[in-house]
>>> print(open('query22.csv').read())   # CSV, C-alpha atoms (C1' of nucleotides)
chain,number,residue,atom,x,y,z
A,1,MET,CA,76.3,118.2,106.5
A,2,ALA,CA,77.6,119.8,103.4
A,3,LEU,CA,81.2,119.0,103.8
A,4,SER,CA,81.5,116.2,106.3
A,5,ARG,CA,83.4,117.2,109.4
A,6,LYS,CA,82.8,114.0,111.2
A,7,GLU,CA,86.5,113.0,111.0
A,8,ASP,CA,87.4,116.1,113.1
A,9,PHE,CA,85.6,114.9,116.2
A,10,SER,CA,86.6,112.2,118.7
A,11,ASP,CA,85.4,108.7,118.1
A,12,ARG,CA,83.5,108.8,121.4
A,13,ASP,CA,81.6,111.9,120.5
A,14,ILE,CA,80.8,110.4,117.1
A,15,GLN,CA,79.6,107.2,118.6
A,16,LEU,CA,77.3,108.9,121.1
A,17,ALA,CA,76.0,111.2,118.4
A,18,GLU,CA,75.2,108.2,116.3
A,19,TRP,CA,73.3,106.5,119.0
A,20,CYS,CA,71.4,109.6,119.7
A,21,LYS,CA,70.7,110.1,116.0
A,22,ALA,CA,69.2,106.6,116.0
A,23,MET,CA,66.8,107.7,118.7
A,24,ALA,CA,66.1,111.1,117.1
A,25,HIS,CA,62.8,110.1,115.6
A,26,PRO,CA,59.5,109.4,117.5
A,27,ALA,CA,58.9,106.3,115.5
A,28,ARG,CA,62.3,104.9,116.5
A,29,VAL,CA,61.8,105.8,120.1
A,30,ALA,CA,58.4,104.1,120.0
A,31,ILE,CA,60.0,101.0,118.4
A,32,LEU,CA,62.6,100.8,121.1
A,33,ARG,CA,60.1,101.4,123.8
A,34,THR,CA,58.0,98.5,122.5
A,35,LEU,CA,60.9,96.2,122.2
A,36,ALA,CA,62.1,97.0,125.7
A,37,LEU,CA,58.6,96.3,127.0
A,38,LYS,CA,57.8,93.1,125.0
A,39,LYS,CA,61.3,91.8,125.0
A,40,GLU,CA,60.9,91.0,121.4
A,41,CYS,CA,58.5,91.8,118.5
A,42,ILE,CA,58.0,90.9,114.9
A,43,CYS,CA,58.1,93.6,112.3
A,44,GLY,CA,54.5,93.2,111.3
A,45,ASP,CA,53.3,94.1,114.8
A,46,LEU,CA,55.3,97.2,114.8
A,47,VAL,CA,53.8,98.2,111.4
A,48,ILE,CA,50.4,97.8,112.9
A,49,ASP,CA,51.3,99.9,115.9
A,50,LEU,CA,52.9,102.7,114.0
A,51,PRO,CA,51.2,105.3,111.7
A,52,LEU,CA,53.7,104.5,109.0
A,53,ALA,CA,53.9,102.4,105.9
A,54,GLN,CA,55.6,99.0,106.1
A,55,SER,CA,58.6,100.2,104.0
A,56,THR,CA,59.1,103.2,106.3
A,57,VAL,CA,59.0,101.0,109.4
A,58,SER,CA,61.5,98.7,107.8
A,59,GLN,CA,63.7,101.7,107.2
A,60,HIS,CA,63.6,102.8,110.8
A,61,LEU,CA,64.3,99.3,112.0
A,62,LYS,CA,67.3,99.3,109.7
A,63,ALA,CA,68.5,102.5,111.2
A,64,LEU,CA,68.3,101.2,114.7
A,65,LYS,CA,70.0,98.0,113.7
A,66,LYS,CA,72.8,99.9,111.9
A,67,ALA,CA,73.4,102.0,115.1
A,68,GLY,CA,73.6,98.7,117.0
A,69,LEU,CA,70.7,99.5,119.3
A,70,ILE,CA,68.5,96.5,118.2
A,71,GLN,CA,69.1,93.1,116.8
A,72,GLY,CA,67.1,91.3,114.2
A,73,GLU,CA,66.5,87.6,113.7
A,74,VAL,CA,64.8,85.9,110.8
A,75,ASP,CA,62.0,83.6,111.8
A,76,GLY,CA,60.5,82.0,108.8
A,77,PRO,CA,58.9,84.6,106.6
A,78,ARG,CA,59.0,87.2,109.4
A,79,SER,CA,61.6,89.1,111.4
A,80,LYS,CA,61.9,89.2,115.1
A,81,TYR,CA,63.6,92.2,116.7
A,82,CYS,CA,64.8,92.9,120.2
A,83,VAL,CA,66.9,95.4,122.0
A,84,HIS,CA,70.7,94.9,121.7
A,85,GLN,CA,71.2,94.9,125.5
A,86,LYS,CA,74.9,95.2,125.6
A,87,ASN,CA,75.0,98.2,123.2
A,88,PHE,CA,72.1,99.9,124.7
A,89,GLU,CA,73.8,99.7,128.1
A,90,LYS,CA,76.9,101.2,126.5
A,91,PHE,CA,74.8,104.0,125.1
A,92,LEU,CA,73.2,104.8,128.4
A,93,LYS,CA,76.6,104.6,130.2
A,94,ALA,CA,78.1,106.9,127.6
A,95,PHE,CA,76.4,109.9,129.0
A,96,SER,CA,78.1,109.5,132.4
A,97,ASP,CA,81.3,108.0,131.2
A,98,TYR,CA,81.9,110.9,128.8
A,99,GLY,CA,81.6,113.4,131.6
A,100,ILE,CA,78.2,114.5,130.5
A,101,ARG,CA,76.5,114.0,133.8
A,102,LEU,CA,74.8,116.0,136.4
A,103,SER,CA,77.6,116.1,138.8
A,104,GLU,CA,77.2,117.1,142.4
A,105,LYS,CA,74.4,119.4,143.2
A,106,ILE,CA,75.9,122.6,141.8
A,107,GLU,CA,73.2,125.2,141.9
A,108,ILE,CA,73.6,127.5,139.0
A,109,SER,CA,71.4,130.3,139.8
A,110,SER,CA,72.3,132.8,137.2
A,111,CYS,CA,71.9,130.8,134.0
B,112,MET,CA,60.1,114.0,106.8
B,113,ALA,CA,58.1,114.5,103.7
B,114,LEU,CA,54.7,114.5,105.3
B,115,SER,CA,55.1,115.2,109.0
B,116,ARG,CA,53.8,112.4,111.0
B,117,LYS,CA,54.9,113.8,114.3
B,118,GLU,CA,51.4,114.4,115.4
B,119,ASP,CA,50.7,110.7,115.3
B,120,PHE,CA,53.2,109.9,118.1
B,121,SER,CA,52.9,110.4,121.8
B,122,ASP,CA,54.2,113.6,123.3
B,123,ARG,CA,56.6,111.6,125.4
B,124,ASP,CA,58.1,109.9,122.4
B,125,ILE,CA,58.3,113.2,120.5
B,126,GLN,CA,60.0,114.9,123.5
B,127,LEU,CA,62.6,112.1,123.9
B,128,ALA,CA,63.2,112.1,120.2
B,129,GLU,CA,63.8,115.8,120.2
B,130,TRP,CA,66.3,115.6,123.0
B,131,CYS,CA,68.1,112.9,121.2
B,132,LYS,CA,68.1,114.8,118.0
B,133,ALA,CA,69.7,117.7,119.8
B,134,MET,CA,72.6,115.3,120.7
B,135,ALA,CA,72.6,113.7,117.3
B,136,HIS,CA,75.7,115.6,116.1
B,137,PRO,CA,79.3,115.2,117.3
B,138,ALA,CA,79.7,118.9,117.6
B,139,ARG,CA,76.7,119.2,119.9
B,140,VAL,CA,77.9,116.2,121.9
B,141,ALA,CA,81.2,117.9,122.3
B,142,ILE,CA,79.6,121.2,123.3
B,143,LEU,CA,77.5,119.5,126.0
B,144,ARG,CA,80.6,117.6,127.2
B,145,THR,CA,82.5,120.8,127.5
B,146,LEU,CA,79.8,122.6,129.3
B,147,ALA,CA,79.3,119.7,131.7
B,148,LEU,CA,83.0,119.7,132.4
B,149,LYS,CA,83.6,123.4,132.7
B,150,LYS,CA,80.2,124.2,134.2
B,151,GLU,CA,80.0,127.2,131.9
B,152,CYS,CA,81.7,128.4,128.8
B,153,ILE,CA,81.6,131.4,126.4
B,154,CYS,CA,80.7,130.9,122.8
B,155,GLY,CA,84.1,132.0,121.6
B,156,ASP,CA,86.0,129.3,123.5
B,157,LEU,CA,83.7,126.7,121.9
B,158,VAL,CA,84.5,128.1,118.5
B,159,ILE,CA,88.2,127.7,119.2
B,160,ASP,CA,87.7,124.1,120.3
B,161,LEU,CA,85.5,123.0,117.5
B,162,PRO,CA,86.6,122.5,113.8
B,163,LEU,CA,83.7,124.6,112.6
B,164,ALA,CA,83.0,128.2,111.6
B,165,GLN,CA,81.6,130.6,114.2
B,166,SER,CA,78.3,130.8,112.5
B,167,THR,CA,78.0,127.0,112.5
B,168,VAL,CA,78.8,126.8,116.2
B,169,SER,CA,76.2,129.4,116.9
B,170,GLN,CA,73.7,127.4,115.0
B,171,HIS,CA,74.5,124.2,117.1
B,172,LEU,CA,74.2,126.2,120.3
B,173,LYS,CA,70.8,127.5,119.1
B,174,ALA,CA,69.7,123.9,118.5
B,175,LEU,CA,70.8,122.7,121.9
B,176,LYS,CA,69.1,125.7,123.5
B,177,LYS,CA,65.9,125.2,121.5
B,178,ALA,CA,65.8,121.6,122.8
B,179,GLY,CA,66.2,122.9,126.3
B,180,LEU,CA,69.5,121.1,127.0
B,181,ILE,CA,71.5,124.2,127.5
B,182,GLN,CA,70.9,127.8,128.7
B,183,GLY,CA,72.5,130.9,127.4
B,184,GLU,CA,73.2,134.2,129.2
B,185,VAL,CA,74.5,137.4,127.7
B,186,ASP,CA,77.6,138.7,129.4
B,187,GLY,CA,78.5,142.0,127.8
B,188,PRO,CA,79.5,141.4,124.2
B,189,ARG,CA,79.8,137.7,124.7
B,190,SER,CA,77.5,134.8,125.6
B,191,LYS,CA,77.9,132.3,128.4
B,192,TYR,CA,76.4,128.9,128.1
B,193,CYS,CA,75.8,126.2,130.6
B,194,VAL,CA,73.9,122.9,130.8
B,195,HIS,CA,70.2,123.2,131.7
B,196,GLN,CA,70.5,120.9,134.7
B,197,LYS,CA,66.8,120.3,135.2
B,198,ASN,CA,66.0,119.4,131.6
B,199,PHE,CA,69.1,117.3,131.2
B,200,GLU,CA,68.1,115.3,134.2
B,201,LYS,CA,64.6,114.9,132.7
B,202,PHE,CA,66.3,113.7,129.5
B,203,LEU,CA,68.4,111.1,131.2
B,204,LYS,CA,65.5,110.0,133.3
B,205,ALA,CA,63.2,109.6,130.2
B,206,PHE,CA,65.1,106.5,129.1
B,207,SER,CA,64.1,104.7,132.3
B,208,ASP,CA,60.8,106.3,132.9
B,209,TYR,CA,59.6,105.5,129.4
B,210,GLY,CA,60.3,101.8,129.9
B,211,ILE,CA,63.3,101.9,127.8
B,212,ARG,CA,65.6,100.4,130.3
B,213,LEU,CA,67.8,97.4,130.7
B,214,SER,CA,65.5,95.5,133.0
B,215,GLU,CA,66.5,92.5,135.0
B,216,LYS,CA,69.3,90.5,133.6
B,217,ILE,CA,67.4,88.7,130.9
B,218,GLU,CA,69.9,86.9,128.8
B,219,ILE,CA,68.7,86.8,125.3
B,220,SER,CA,70.9,84.2,123.7
B,221,SER,CA,69.2,83.8,120.3
B,222,CYS,CA,69.1,87.4,119.1
C,223,DC,C1',55.3,74.6,91.3
C,224,DT,C1',52.0,78.1,92.3
C,225,DT,C1',50.0,81.2,95.8
C,226,DG,C1',49.9,84.1,99.7
C,227,DT,C1',52.3,86.3,103.4
C,228,DT,C1',56.0,88.9,105.4
C,229,DA,C1',59.7,91.9,105.2
C,230,DA,C1',63.6,94.2,102.7
C,231,DT,C1',65.1,97.0,99.1
C,232,DC,C1',64.6,100.4,95.2
C,233,DG,C1',63.4,104.7,93.3
C,234,DT,C1',62.0,109.1,94.2
C,235,DA,C1',60.0,113.5,96.0
C,236,DA,C1',59.8,116.7,99.7
C,237,DA,C1',61.6,118.4,103.9
C,238,DT,C1',65.3,119.1,106.9
C,239,DT,C1',70.1,119.5,108.3
C,240,DT,C1',74.6,121.1,108.0
C,241,DA,C1',78.0,124.1,106.6
C,242,DC,C1',79.8,128.5,105.1
C,243,DG,C1',80.5,133.5,104.2
C,244,DA,C1',78.5,137.8,104.7
C,245,DT,C1',76.0,140.8,107.3
C,246,DA,C1',73.8,142.7,111.3
C,247,DT,C1',73.7,143.6,116.2
C,248,DA,C1',75.4,144.6,120.7
C,249,DC,C1',78.6,146.2,123.6
C,250,DG,C1',83.2,148.0,125.7
C,251,DA,C1',86.8,150.9,124.9
C,252,DT,C1',88.9,155.0,123.0
D,253,DA,C1',80.7,159.1,117.8
D,254,DT,C1',83.9,155.5,116.1
D,255,DC,C1',86.3,151.3,116.3
D,256,DG,C1',87.1,146.6,117.5
D,257,DT,C1',85.4,142.3,119.4
D,258,DA,C1',81.9,138.8,120.0
D,259,DT,C1',77.9,136.6,118.6
D,260,DA,C1',73.5,136.0,116.2
D,261,DT,C1',71.1,135.9,112.0
D,262,DC,C1',70.5,135.6,106.9
D,263,DG,C1',71.0,133.5,102.5
D,264,DT,C1',72.3,129.5,100.3
D,265,DA,C1',74.3,125.1,98.4
D,266,DA,C1',75.0,120.3,99.3
D,267,DA,C1',73.9,116.3,101.8
D,268,DT,C1',70.9,113.7,104.4
D,269,DT,C1',66.5,112.1,106.2
D,270,DT,C1',61.9,110.8,105.8
D,271,DA,C1',58.1,109.0,103.6
D,272,DC,C1',55.7,106.4,100.1
D,273,DG,C1',54.4,103.0,96.5
D,274,DA,C1',56.3,99.4,93.8
D,275,DT,C1',59.1,95.7,93.4
D,276,DT,C1',61.9,91.8,94.9
D,277,DA,C1',63.1,88.0,97.9
D,278,DA,C1',62.2,84.4,101.2
D,279,DC,C1',59.5,81.3,103.0
D,280,DA,C1',55.2,78.2,104.2
D,281,DA,C1',51.2,76.0,102.6
D,282,DG,C1',48.5,73.9,99.3
>>> encode(input="query22.csv", output="structure tokens")
Amino acid sequence: MALSRKEDFSDRDIQLAEWCKAMAHPARVAILRTLALKKECICGDLVIDLPLAQSTVSQHLKALKKAGLIQGEVDGPRSKYCVHQKNFEKFLKAFSDYGIRLSEKIEISSC
Amino acid sequence: MALSRKEDFSDRDIQLAEWCKAMAHPARVAILRTLALKKECICGDLVIDLPLAQSTVSQHLKALKKAGLIQGEVDGPRSKYCVHQKNFEKFLKAFSDYGIRLSEKIEISSC
DNA sequence: CTTGTTAATCGTAAATTTACGATATACGAT
DNA sequence: ATCGTATATCGTAAATTTACGATTAACAAG
């Protein structure tokens, strides 16, 4: 944003927005999907899977890590990644916890 | 992105990423939270709540609408908005449907 | 110690997002 | 018809994101 207004929002809204932003790119969704499926994965395999340069994949991994959705571990010359279970759980829970839920079957016919 | 690579990803990944992108800003999280709570809300009330100019709020509403997470309805000179229940449900379900879930309690100690 | 492999970081260009004020539009009320 | 209110859209500047190639760093193998 031009003039950052982040400080004017609640920490909870900022946190949820950050998690969402981390998933706001198909490559990062694909990465998380892969990690959730395979439990863990080395960077190189992700590079092969994705239609992106190695440096770009690395950047996306960094973004997911910074948001706390994944964890990385160095394994010799390569890097293993996996989903950060605890934080990902918090992320999913946030939607309901924050009142953003599909409460009781209220049928809104007009809109 | 510089050179759009969106077409190289699956429609499902693109859709989930788009929904996430719609929630990737505190203002839009706040809007959705408010709409979920109040069931519906007119634009002007959101403008009062948020620390943003009217035109900016309108822009955020447009983004949420474009992503399909909310619906708008004209009510005389004002606009009423509400959560798009069906799509929001799809959004939340996407996380589990797409395999991005916290499957069985696998304790990952190392990473 | 040199070489090859893997991944992170740097520098950078192009696209997109975010924010605002100004303007346009739509409608109710007078 | 005119005025006031509510909202959307336009134009635009600044910040951020995305992508890439090139470089650096870290490590294993020889």
>>> closest_residue(input="query22.csv", among="D:DA267, D:DA258, D:DG273, D:DA281", to="chain B", atoms="all atoms listed in the file")
D:DA258
>>> calpha_fit_and_write(input="query22.csv", fixed="chain A", moving="chain B", output="tab-separated table (two decimals) with C-alpha atoms, keeping the file's coordinate frame")
chain	number	residue	atom	x	y	z
B	112	MET	CA	76.32	118.14	106.42
B	113	ALA	CA	77.63	119.79	103.36
B	114	LEU	CA	81.27	119.04	103.90
B	115	SER	CA	81.56	116.18	106.37
B	116	ARG	CA	83.42	117.23	109.36
B	117	LYS	CA	82.90	114.02	111.23
B	118	GLU	CA	86.50	113.11	111.00
B	119	ASP	CA	87.43	116.12	113.07
B	120	PHE	CA	85.59	114.85	116.19
B	121	SER	CA	86.58	112.20	118.64
B	122	ASP	CA	85.38	108.67	118.07
B	123	ARG	CA	83.59	108.78	121.38
B	124	ASP	CA	81.65	111.87	120.44
B	125	ILE	CA	80.85	110.44	117.00
B	126	GLN	CA	79.66	107.14	118.57
B	127	LEU	CA	77.40	108.91	121.12
B	128	ALA	CA	76.08	111.15	118.42
B	129	GLU	CA	75.23	108.21	116.26
B	130	TRP	CA	73.35	106.47	119.01
B	131	CYS	CA	71.43	109.57	119.66
B	132	LYS	CA	70.66	110.06	116.05
B	133	ALA	CA	69.25	106.56	115.96
B	134	MET	CA	66.76	107.69	118.70
B	135	ALA	CA	66.20	111.04	117.09
B	136	HIS	CA	62.80	110.08	115.62
B	137	PRO	CA	59.54	109.41	117.50
B	138	ALA	CA	58.95	106.30	115.53
B	139	ARG	CA	62.32	104.85	116.50
B	140	VAL	CA	61.75	105.88	120.11
B	141	ALA	CA	58.48	104.08	120.02
B	142	ILE	CA	60.01	100.98	118.43
B	143	LEU	CA	62.72	100.79	121.12
B	144	ARG	CA	60.06	101.33	123.82
B	145	THR	CA	58.04	98.51	122.46
B	146	LEU	CA	60.91	96.17	122.18
B	147	ALA	CA	62.08	97.00	125.70
B	148	LEU	CA	58.60	96.32	126.97
B	149	LYS	CA	57.81	93.19	125.03
B	150	LYS	CA	61.37	91.87	125.01
B	151	GLU	CA	60.90	90.95	121.37
B	152	CYS	CA	58.54	91.80	118.60
B	153	ILE	CA	57.95	90.94	114.90
B	154	CYS	CA	58.15	93.61	112.29
B	155	GLY	CA	54.51	93.26	111.37
B	156	ASP	CA	53.22	94.07	114.86
B	157	LEU	CA	55.34	97.25	114.79
B	158	VAL	CA	53.79	98.20	111.50
B	159	ILE	CA	50.33	97.83	113.01
B	160	ASP	CA	51.30	100.01	115.97
B	161	LEU	CA	52.97	102.75	114.08
B	162	PRO	CA	51.20	105.35	111.78
B	163	LEU	CA	53.65	104.64	109.00
B	164	ALA	CA	53.88	102.48	105.88
B	165	GLN	CA	55.59	99.09	106.10
B	166	SER	CA	58.47	100.20	104.03
B	167	THR	CA	59.03	103.21	106.31
B	168	VAL	CA	58.99	101.03	109.41
B	169	SER	CA	61.49	98.73	107.83
B	170	GLN	CA	63.70	101.64	107.11
B	171	HIS	CA	63.56	102.80	110.85
B	172	LEU	CA	64.35	99.28	111.99
B	173	LYS	CA	67.34	99.23	109.60
B	174	ALA	CA	68.55	102.50	111.14
B	175	LEU	CA	68.23	101.27	114.69
B	176	LYS	CA	70.00	98.05	113.72
B	177	LYS	CA	72.77	99.89	111.87
B	178	ALA	CA	73.38	101.92	115.06
B	179	GLY	CA	73.59	98.71	117.01
B	180	LEU	CA	70.63	99.47	119.31
B	181	ILE	CA	68.55	96.59	118.17
B	182	GLN	CA	69.12	93.07	116.75
B	183	GLY	CA	67.08	91.33	114.16
B	184	GLU	CA	66.52	87.59	113.64
B	185	VAL	CA	64.73	85.91	110.78
B	186	ASP	CA	61.94	83.63	111.89
B	187	GLY	CA	60.51	81.97	108.82
B	188	PRO	CA	58.86	84.59	106.65
B	189	ARG	CA	58.93	87.17	109.37
B	190	SER	CA	61.56	89.04	111.38
B	191	LYS	CA	61.90	89.25	115.14
B	192	TYR	CA	63.55	92.20	116.71
B	193	CYS	CA	64.82	92.82	120.16
B	194	VAL	CA	66.95	95.41	121.97
B	195	HIS	CA	70.72	94.88	121.73
B	196	GLN	CA	71.19	94.81	125.49
B	197	LYS	CA	74.95	95.22	125.51
B	198	ASN	CA	75.08	98.20	123.16
B	199	PHE	CA	72.12	99.89	124.77
B	200	GLU	CA	73.83	99.67	128.09
B	201	LYS	CA	76.98	101.15	126.50
B	202	PHE	CA	74.77	103.95	125.14
B	203	LEU	CA	73.24	104.79	128.45
B	204	LYS	CA	76.57	104.56	130.15
B	205	ALA	CA	78.23	106.94	127.58
B	206	PHE	CA	76.38	109.92	129.03
B	207	SER	CA	78.11	109.43	132.38
B	208	ASP	CA	81.35	108.03	131.19
B	209	TYR	CA	81.88	110.90	128.78
B	210	GLY	CA	81.56	113.44	131.58
B	211	ILE	CA	78.20	114.45	130.52
B	212	ARG	CA	76.56	113.93	133.81
B	213	LEU	CA	74.70	115.89	136.40
B	214	SER	CA	77.53	116.12	138.86
B	215	GLU	CA	77.16	117.17	142.44
B	216	LYS	CA	74.29	119.41	143.16
B	217	ILE	CA	75.74	122.61	141.83
B	218	GLU	CA	73.01	125.15	141.84
B	219	ILE	CA	73.50	127.47	139.00
B	220	SER	CA	71.21	130.34	139.82
B	221	SER	CA	72.23	132.87	137.14
B	222	CYS	CA	71.84	130.80	133.98
>>> atom_distance(input="query22.csv", atom1="atom CA of B:Ile153", atom2="atom C1' of C:DC249")
15.4 Å
>>> interface_residues(input="query22.csv", of="chain A", to="chain D", cutoff="12 Å", atoms="all atoms listed in the file", output="list in words")
Met1, Ala2, Leu3, Ser4, Lys21, Ala22, Ala24, His25, Ala27, Pro51, Leu52, Ala53, Gln54, Ser55, Thr56, Val57, Ser58, Gln59, His60, Ala63, Val74, Asp75, Gly76, Pro77, Arg78 and Ser79 of chain A
>>> atom_distance(input="query22.csv", atom1="atom CA of A:Lys86", atom2="atom CA of B:Asn198")
26.5 Å
>>> atom_distance(input="query22.csv", atom1="atom CA of B:Glu151", atom2="atom C1' of C:DA248")
21.2 Å
>>> closest_atom_pairs(input="query22.csv", of="chain B", to="chain A", cutoff="7 Å", atoms="all atoms listed in the file", output="JSON lines")
{"residue": "B:Asp119", "atom": "CA", "partner": "A:Pro51", "partner_atom": "CA", "distance": 6.5}
{"residue": "B:Phe120", "atom": "CA", "partner": "A:Pro26", "partner_atom": "CA", "distance": 6.3}
{"residue": "B:Asp124", "atom": "CA", "partner": "A:Pro26", "partner_atom": "CA", "distance": 5.1}
{"residue": "B:Ile125", "atom": "CA", "partner": "A:Pro26", "partner_atom": "CA", "distance": 5.0}
{"residue": "B:Ala128", "atom": "CA", "partner": "A:Ala24", "partner_atom": "CA", "distance": 4.4}
{"residue": "B:Glu129", "atom": "CA", "partner": "A:Ala24", "partner_atom": "CA", "distance": 6.1}
{"residue": "B:Cys131", "atom": "CA", "partner": "A:Cys20", "partner_atom": "CA", "distance": 4.9}
{"residue": "B:Lys132", "atom": "CA", "partner": "A:Ala24", "partner_atom": "CA", "distance": 4.3}
{"residue": "B:Met134", "atom": "CA", "partner": "A:Ala17", "partner_atom": "CA", "distance": 5.8}
{"residue": "B:Ala135", "atom": "CA", "partner": "A:Lys21", "partner_atom": "CA", "distance": 4.3}
{"residue": "B:His136", "atom": "CA", "partner": "A:Ala17", "partner_atom": "CA", "distance": 5.0}
{"residue": "B:Pro137", "atom": "CA", "partner": "A:Ile14", "partner_atom": "CA", "distance": 5.0}
{"residue": "B:Val140", "atom": "CA", "partner": "A:Asp13", "partner_atom": "CA", "distance": 5.8}
{"residue": "B:Ala141", "atom": "CA", "partner": "A:Asp13", "partner_atom": "CA", "distance": 6.3}
{"residue": "B:Leu143", "atom": "CA", "partner": "A:Ile100", "partner_atom": "CA", "distance": 6.8}
{"residue": "B:Arg144", "atom": "CA", "partner": "A:Ile100", "partner_atom": "CA", "distance": 5.1}
{"residue": "B:Ala147", "atom": "CA", "partner": "A:Ile100", "partner_atom": "CA", "distance": 5.4}
{"residue": "B:Leu148", "atom": "CA", "partner": "A:Gly99", "partner_atom": "CA", "distance": 6.5}
{"residue": "B:Pro162", "atom": "CA", "partner": "A:Asp8", "partner_atom": "CA", "distance": 6.5}
{"residue": "B:Gln182", "atom": "CA", "partner": "A:Cys111", "partner_atom": "CA", "distance": 6.2}
{"residue": "B:Gly183", "atom": "CA", "partner": "A:Cys111", "partner_atom": "CA", "distance": 6.6}
{"residue": "B:Glu184", "atom": "CA", "partner": "A:Cys111", "partner_atom": "CA", "distance": 6.0}
{"residue": "B:Cys193", "atom": "CA", "partner": "A:Cys111", "partner_atom": "CA", "distance": 6.9}
{"residue": "B:Gln196", "atom": "CA", "partner": "A:Leu102", "partner_atom": "CA", "distance": 6.7}
{"residue": "B:Tyr209", "atom": "CA", "partner": "A:Arg33", "partner_atom": "CA", "distance": 7.0}
{"residue": "B:Gly210", "atom": "CA", "partner": "A:Arg33", "partner_atom": "CA", "distance": 6.1}
{"residue": "B:Ile211", "atom": "CA", "partner": "A:Arg33", "partner_atom": "CA", "distance": 5.1}
{"residue": "B:Arg212", "atom": "CA", "partner": "A:Ala36", "partner_atom": "CA", "distance": 6.7}
{"residue": "B:Leu213", "atom": "CA", "partner": "A:Gln85", "partner_atom": "CA", "distance": 6.7}
{"residue": "B:Cys222", "atom": "CA", "partner": "A:Glu73", "partner_atom": "CA", "distance": 6.0}
>>> interface_residues(input="query22.csv", of="chain C", to="chain B", cutoff="10 Å", atoms="all atoms listed in the file", output="ChimeraX atom specification")
/C:235-238,240-243,248-250
